[in-house]
Structures are given as structure tokens and as C-alpha cells.
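As C-alpha cells, the structure follows; a few thoughts come after it.
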Amino acid sequence: MNTQTTYEFPLNERIRVFMRLEQLFQQLSHFMAGDSVFDKRTAVDTLLDILVIFSRSDLKSELIKELERHAKVLGLLSNSQDVDTQKLQAILQELNQASRNLYNTSGKVGASVMESGLFQSISQRSAIPGGTCSFDLPAFHYWLEQDRDEQQKDFQQWTLPFADIRIAIDLILGFIRQSSVPKQEIAQAGFFQLALDKAHPVQLLRVGVPVSVGCFAEISGGKHRFSIRFMKPSNDENRPTQTQADISFTLSRCAV
């Protein structure tokens with residue numbers, strides 16, 4: 001059982017989008033592995049959400065820039081005496097391979113998925129609440145009743161264009177999360193605020209709160225400062241309220 005809950009807060013739009021995709025990819029894998037019709041429905045809905053994100057921005061170039069930046073930062077460590085050179089080279093090779101794979105990806109990411117007639121019809125109806133009912137899309141209803149192996153074959157085809165993207169996002173977010181050692185802090189009367197150094201931009205905040213505290217962390221911030229309010233859930237239908245107790249928590253300011 002977890003004794004601590006971690007709250008994360010991205011401080012720029014790029015990391016915000018990466019984290020949304022990370023969660024969607026995890027959700028997609030979870031429901032793809034399920035056996036029920038509703039697992040498959042949710043997996044398709046999640047894939048549609050992923051496609052919407054890719055239709056709105058050029059994430060491939062953003063990911064390549066981030067991979068190259070991380071490779072450059074890690075490359076500067078190669079001359080340090082305390083660094084495990086063999087492990088560092090393996091990480092650099094992984095970053096460079098992910099970058100090459102993205103470079104070699106032609107066309108708009110996910111465009112091939114929408115070439116499927118079935119997926120096109122699902123996408124068109126999904127904007128309507130309950131619009132993918134069996135009477136709306138009998139072809140989808142038929143697919144949902146097919147053999148699991150056939151469905152998995154389709155899922156593999158639909159998700160293949162995102163494989164390299166997912167690897168790149170996992171690498172980038174993994175490095176960012178590991179770039180800072182958590183420090184113990186105190187939020188007096190449930191409130192904590194700190195200014196940020198513009199010379200060393202922070203990309204992600206991570207706040208660790210003991211489960212026993214009975215509060216959740218509400219984080220807000222931007223380039224210059226951030227604040228954390230520790231809120232107590234309401235026992236009735238009212239809004240949560242800020243605790244007046246001093247809260248001990250861990251804070252990581254991830255800047256890589």
C-alpha cells in the first residue's frame with residue numbers, strides 16, 4: 001500500500017502535452033488488454049483522444065528537439081569522473097536511436113489510422129454522446145463481437161504509428177523526473193510559495209504528500225513562481241477548504 005501520493009504539475013505547455021499523452025498511452029494499454037466489450041470501446045475512445053492531440057500540434061519536431069537537448073546535456077557529463085561511462089553511453093545510444101526513429105517517420109503521425117473506414121465512422125459518431133451505440137454503428141458492433149485475436153491485430157495496426165512517440169515521451173519524462181532529489185518542506189497553515197530562478201527554468205514540480213495527512217495538493221504556477229495549497233476534501237457537497245495545519249511534504253523541482 002502506498003504511504004505517499006505524488007502530485008505533478010508541468011510548468012510549460014510542451015511538458016503538459018507530453019504528460020497527457022503519457023497517461024493516454026497507459027490507459028490505452030490497460031484497456032487493450034481487457035476482454036470485455038467495454039474495455040475495447042474505452043480503448044478506441046482513448047485512441048481517438050490521442051489522435052485529437054496529434055491533429056493540433058507538431059509533436060514530432062518537439063520530441064526530437066527535447067531528445068537532442070537531453071543528449072547534449074548528458075554528453076557534457078561524459079568527462080566527469082563520478083559518472084558510470086558505460087551506463088551513460090547506453091542511455092545516449094537509447095536517446096539517439098529514439099531521435100533517429102522519429103526523423104525517419106514520414107507524414108503526419110497517426111494519419112494512417114484514419115484511413116481505416118471503420119475508424120473514420122467511429123470518429124465521426126464519437127462527438128455525439130452515446131453516438132457509437134450498436135444501432136448507430138452496426139459495423140463497430142460487429143467488430144466488438146469478433147475474436148479477441150482479430151481485434152488485437154487491428155489494435156496493433158492502429159497503434160503502430162505511435163510506438164516511437166511513446167518511447168520518446170517515456171524517455172524524456174523519465175529523465176525530467178529523475179533530475180531532482182526530493183527535498184523536505186513545510187507548508188505553514190497549508191500554504192507554500194516559492195520564486196523560481198529564470199536562469200534555470202523548471203519544467204515539472206513533484207509534490208509528495210503522506211496519505212495519513214488527509215489533504216491533497218493544489219498547485220499553481222508559471223515561469224516566475226509557484227504556490228501549493230493543501231486542501232481538505234469536504235464531507236458534504238461543499239468545496240474543499242485549505243487546511244490550517246502545518247503540512248510536511250517533499251518537493252522536487254525538475255529542471256532538466
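Naming works like this for the C-alpha cells: A, B, ... for the chains as they're shown, residue 1 at the start of each chain, ligands 1 onward in shown order.
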- Task: Extract the full set of strand (DSSP E or B) residues from stretch 3-213 of chain A according to DSSP on the backbone, and format it as JSON, numbers by chain.
- Result: {"A": [4, 5, 6, 7, 8, 9, 10, 183, 184, 185, 186, 187, 188, 191, 192, 193, 194, 195, 204, 205, 206, 207, 208, 209, 210]}
**Prompt:** What lies within 10 Å of A:Lys232 using only C-alpha atoms, ignoring chain neighbours under 2 positions off, as a list in words?
**Reply:**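 My reading of the contact set: Gly190, Val213, Gly214, Cys215, Phe216, Ala217, Arg229, Phe230, Ser234, Asn235, Arg239, Pro240, Thr241, Gln242, Thr243 and Gln244 of chain A.
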Given the selection you just returned, output its residues as a file containing all heavy atoms, formatted as a short mmCIF file (atom, residue, chain, number, x, y, z; two decimals), in the first residue's frame.
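So the final result, stored in selection.cif, reads:
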```
data_model
loop_
_atom_site.label_atom_id
_atom_site.label_comp_id
_atom_site.auth_asym_id
_atom_site.auth_seq_id
_atom_site.Cartn_x
_atom_site.Cartn_y
_atom_site.Cartn_z
N GLY A 190 -0.96 25.21 5.72
CA GLY A 190 -1.41 24.62 4.46
C GLY A 190 -1.03 25.37 3.21
O GLY A 190 -1.56 25.08 2.13
N VAL A 213 -2.00 12.38 5.97
CA VAL A 213 -2.29 13.80 6.16
C VAL A 213 -3.77 14.10 5.90
O VAL A 213 -4.37 14.99 6.52
CB VAL A 213 -1.39 14.67 5.25
CG1 VAL A 213 -1.91 16.09 5.15
CG2 VAL A 213 0.04 14.66 5.76
N GLY A 214 -4.37 13.38 4.97
CA GLY A 214 -5.78 13.60 4.66
C GLY A 214 -6.05 14.85 3.86
O GLY A 214 -7.15 15.42 3.90
N CYS A 215 -5.03 15.34 3.12
CA CYS A 215 -5.16 16.53 2.27
C CYS A 215 -4.62 16.23 0.88
O CYS A 215 -3.83 15.30 0.71
CB CYS A 215 -4.38 17.71 2.85
SG CYS A 215 -4.95 18.30 4.44
N PHE A 216 -5.05 17.01 -0.10
CA PHE A 216 -4.45 16.91 -1.43
C PHE A 216 -3.79 18.23 -1.77
O PHE A 216 -4.13 19.29 -1.23
CB PHE A 216 -5.48 16.51 -2.49
CG PHE A 216 -6.61 17.49 -2.68
CD1 PHE A 216 -6.50 18.55 -3.59
CD2 PHE A 216 -7.80 17.35 -1.98
CE1 PHE A 216 -7.53 19.44 -3.79
CE2 PHE A 216 -8.86 18.24 -2.18
CZ PHE A 216 -8.72 19.29 -3.08
N ALA A 217 -2.80 18.17 -2.67
CA ALA A 217 -2.03 19.36 -3.05
C ALA A 217 -2.64 20.01 -4.28
O ALA A 217 -2.79 19.37 -5.32
CB ALA A 217 -0.58 18.98 -3.32
N ARG A 229 -1.29 24.79 -2.24
CA ARG A 229 -2.28 24.85 -1.16
C ARG A 229 -2.71 23.42 -0.83
O ARG A 229 -3.03 22.64 -1.74
CB ARG A 229 -3.50 25.68 -1.58
CG ARG A 229 -3.19 27.13 -1.86
CD ARG A 229 -4.46 27.91 -2.26
NE ARG A 229 -4.12 29.25 -2.69
CZ ARG A 229 -3.96 30.29 -1.87
NH1 ARG A 229 -4.14 30.11 -0.57
NH2 ARG A 229 -3.65 31.48 -2.33
N PHE A 230 -2.70 23.10 0.43
CA PHE A 230 -3.12 21.77 0.85
C PHE A 230 -4.58 21.84 1.28
O PHE A 230 -4.94 22.54 2.23
CB PHE A 230 -2.21 21.25 1.97
CG PHE A 230 -0.85 20.90 1.47
CD1 PHE A 230 0.16 21.85 1.45
CD2 PHE A 230 -0.59 19.64 0.95
CE1 PHE A 230 1.42 21.53 0.96
CE2 PHE A 230 0.66 19.32 0.45
CZ PHE A 230 1.67 20.27 0.45
N SER A 234 -14.22 18.07 1.27
CA SER A 234 -15.42 18.35 2.05
C SER A 234 -16.17 17.06 2.34
O SER A 234 -16.22 16.13 1.52
CB SER A 234 -16.33 19.30 1.27
OG SER A 234 -17.55 19.48 1.93
N ASN A 235 -16.77 16.98 3.53
CA ASN A 235 -17.58 15.81 3.90
C ASN A 235 -18.99 15.91 3.36
O ASN A 235 -19.74 14.94 3.38
CB ASN A 235 -17.62 15.65 5.43
CG ASN A 235 -16.26 15.28 5.99
OD1 ASN A 235 -15.50 14.56 5.35
ND2 ASN A 235 -15.95 15.78 7.19
N ARG A 239 -17.30 22.94 -1.37
CA ARG A 239 -15.97 22.91 -1.97
C ARG A 239 -14.94 22.53 -0.91
O ARG A 239 -15.13 22.78 0.29
CB ARG A 239 -15.63 24.28 -2.56
CG ARG A 239 -16.43 24.63 -3.80
CD ARG A 239 -16.16 26.07 -4.25
NE ARG A 239 -14.75 26.28 -4.51
CZ ARG A 239 -14.14 25.98 -5.65
NH1 ARG A 239 -14.84 25.45 -6.64
NH2 ARG A 239 -12.86 26.21 -5.83
N PRO A 240 -13.79 21.94 -1.34
CA PRO A 240 -12.70 21.68 -0.40
C PRO A 240 -12.19 22.98 0.22
O PRO A 240 -12.29 24.05 -0.39
CB PRO A 240 -11.62 21.04 -1.28
CG PRO A 240 -12.36 20.52 -2.48
CD PRO A 240 -13.49 21.47 -2.69
N THR A 241 -11.64 22.89 1.42
CA THR A 241 -11.11 24.07 2.10
C THR A 241 -9.64 23.87 2.43
O THR A 241 -9.18 22.74 2.64
CB THR A 241 -11.88 24.34 3.40
OG1 THR A 241 -11.83 23.16 4.24
CG2 THR A 241 -13.33 24.70 3.12
N GLN A 242 -8.89 24.96 2.47
CA GLN A 242 -7.47 24.89 2.80
C GLN A 242 -7.30 24.54 4.28
O GLN A 242 -7.94 25.13 5.14
CB GLN A 242 -6.79 26.23 2.50
CG GLN A 242 -5.29 26.22 2.74
CD GLN A 242 -4.66 27.55 2.37
OE1 GLN A 242 -5.03 28.16 1.37
NE2 GLN A 242 -3.71 28.01 3.17
N THR A 243 -6.44 23.56 4.56
CA THR A 243 -6.18 23.19 5.95
C THR A 243 -5.41 24.30 6.65
O THR A 243 -4.65 25.04 6.02
CB THR A 243 -5.38 21.87 6.01
OG1 THR A 243 -5.18 21.51 7.37
CG2 THR A 243 -4.02 22.01 5.33
N GLN A 244 -5.59 24.42 7.93
CA GLN A 244 -4.85 25.40 8.73
C GLN A 244 -3.68 24.75 9.46
O GLN A 244 -2.95 25.42 10.19
CB GLN A 244 -5.80 26.07 9.73
CG GLN A 244 -6.88 26.91 9.07
CD GLN A 244 -6.30 27.97 8.13
OE1 GLN A 244 -5.50 28.81 8.54
NE2 GLN A 244 -6.69 27.91 6.85
#
```
- Message: Give me the residues near A:Ala139 as a ChimeraX atom specification, where near means some atom within 10 Å (using only C-alpha atoms) and where sequence neighbours in that chain fewer than 5 positions away do not count.
- Response: /A:117-118,121-122,134,144
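Residue nearest A:Asp147 within the list A:Asn2, A:Phe25, A:Ile186, A:Val37: A:Val37 [criterion: smallest interatomic distance, only C-alpha atoms].
Note that the spacing between atom CA of A:Leu137 and atom CA of A:Arg41 amounts to 12.3 Å.
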>> When you look at A:Ala168 with a cut-off of 7 Å (counting only C-alpha atoms), what residues show up, excluding the ones that are within fewer than 4 positions of it in the same chain? I need them as a ChimeraX atom specification.
In response: /A:63,98,164,172
Using only C-alpha atoms, can you tell me which of A:Leu76, A:Ile219, A:Leu24, A:Leu160 comes closest to A:Leu194?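 Among the listed residues, A:Ile219 lies closest to A:Leu194.
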Hey, what's within 8 Å of A:Ile169 if we count only C-alpha atoms and toss same-chain stuff fewer than 3 positions away? As an NGL selection string, please? :A and (18 or 22 or 63 or 165-166 or 172-173)
Any chance you can output those residues with N, CA, C and O atoms as a PDB file, in the first residue's frame?
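Okay, this is what ended up in out-v7.pdb:
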```
ATOM      1  N   PHE A  18       3.007  16.320 -23.210  1.00  0.00           N
ATOM      2  CA  PHE A  18       3.696  15.032 -23.070  1.00  0.00           C
ATOM      3  C   PHE A  18       3.061  14.190 -21.961  1.00  0.00           C
ATOM      4  O   PHE A  18       2.877  12.975 -22.105  1.00  0.00           O
ATOM      5  N   GLU A  22       1.264  10.627 -22.139  1.00  0.00           N
ATOM      6  CA  GLU A  22       1.748   9.517 -21.308  1.00  0.00           C
ATOM      7  C   GLU A  22       0.581   8.805 -20.631  1.00  0.00           C
ATOM      8  O   GLU A  22       0.494   7.570 -20.653  1.00  0.00           O
ATOM      9  N   LEU A  63       9.415  16.640 -29.889  1.00  0.00           N
ATOM     10  CA  LEU A  63      10.065  15.494 -29.241  1.00  0.00           C
ATOM     11  C   LEU A  63      11.518  15.351 -29.688  1.00  0.00           C
ATOM     12  O   LEU A  63      12.406  15.068 -28.873  1.00  0.00           O
ATOM     13  N   ILE A 165       6.835   7.412 -30.761  1.00  0.00           N
ATOM     14  CA  ILE A 165       6.431   8.589 -29.989  1.00  0.00           C
ATOM     15  C   ILE A 165       6.356   8.240 -28.509  1.00  0.00           C
ATOM     16  O   ILE A 165       6.841   8.986 -27.646  1.00  0.00           O
ATOM     17  N   ARG A 166       5.753   7.112 -28.209  1.00  0.00           N
ATOM     18  CA  ARG A 166       5.597   6.711 -26.797  1.00  0.00           C
ATOM     19  C   ARG A 166       6.955   6.461 -26.148  1.00  0.00           C
ATOM     20  O   ARG A 166       7.178   6.868 -24.995  1.00  0.00           O
ATOM     21  N   ILE A 172      11.919  11.017 -22.150  1.00  0.00           N
ATOM     22  CA  ILE A 172      12.019  12.432 -21.762  1.00  0.00           C
ATOM     23  C   ILE A 172      11.462  12.665 -20.364  1.00  0.00           C
ATOM     24  O   ILE A 172      12.120  13.271 -19.508  1.00  0.00           O
ATOM     25  N   LEU A 173      10.253  12.161 -20.105  1.00  0.00           N
ATOM     26  CA  LEU A 173       9.647  12.375 -18.793  1.00  0.00           C
ATOM     27  C   LEU A 173      10.408  11.633 -17.697  1.00  0.00           C
ATOM     28  O   LEU A 173      10.496  12.101 -16.559  1.00  0.00           O
TER      29      LEU A 173
END
```
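The residue that comes closest to A:Val73, out of A:Val202, A:Ala255, A:Ile167, A:Met231 and on the basis of only C-alpha atoms, is A:Ala255.
Atom CA of A:Ser29 to atom CA of A:Asn104 spans 24.6 Å [interatomic distance, one decimal].
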The distance between atom CA of A:Leu171 and atom CA of A:Gln27 is 18.0 Å
Quick one: of A:Leu92, A:Ser57, A:Val113, A:Gln97, who's nearest to A:Val44, counting only C-alpha atoms?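 When distances to A:Val44 are compared using only C-alpha atoms, the smallest one comes from A:Val113.
Near A:Arg253, within 9 Å and counting only C-alpha atoms, sit Arg177, Ser179, Ser180, Val181, Pro182, Val202, Gln203, Leu204, Leu205 and Arg206 of chain A; same-chain residues fewer than 6 positions away were not included.
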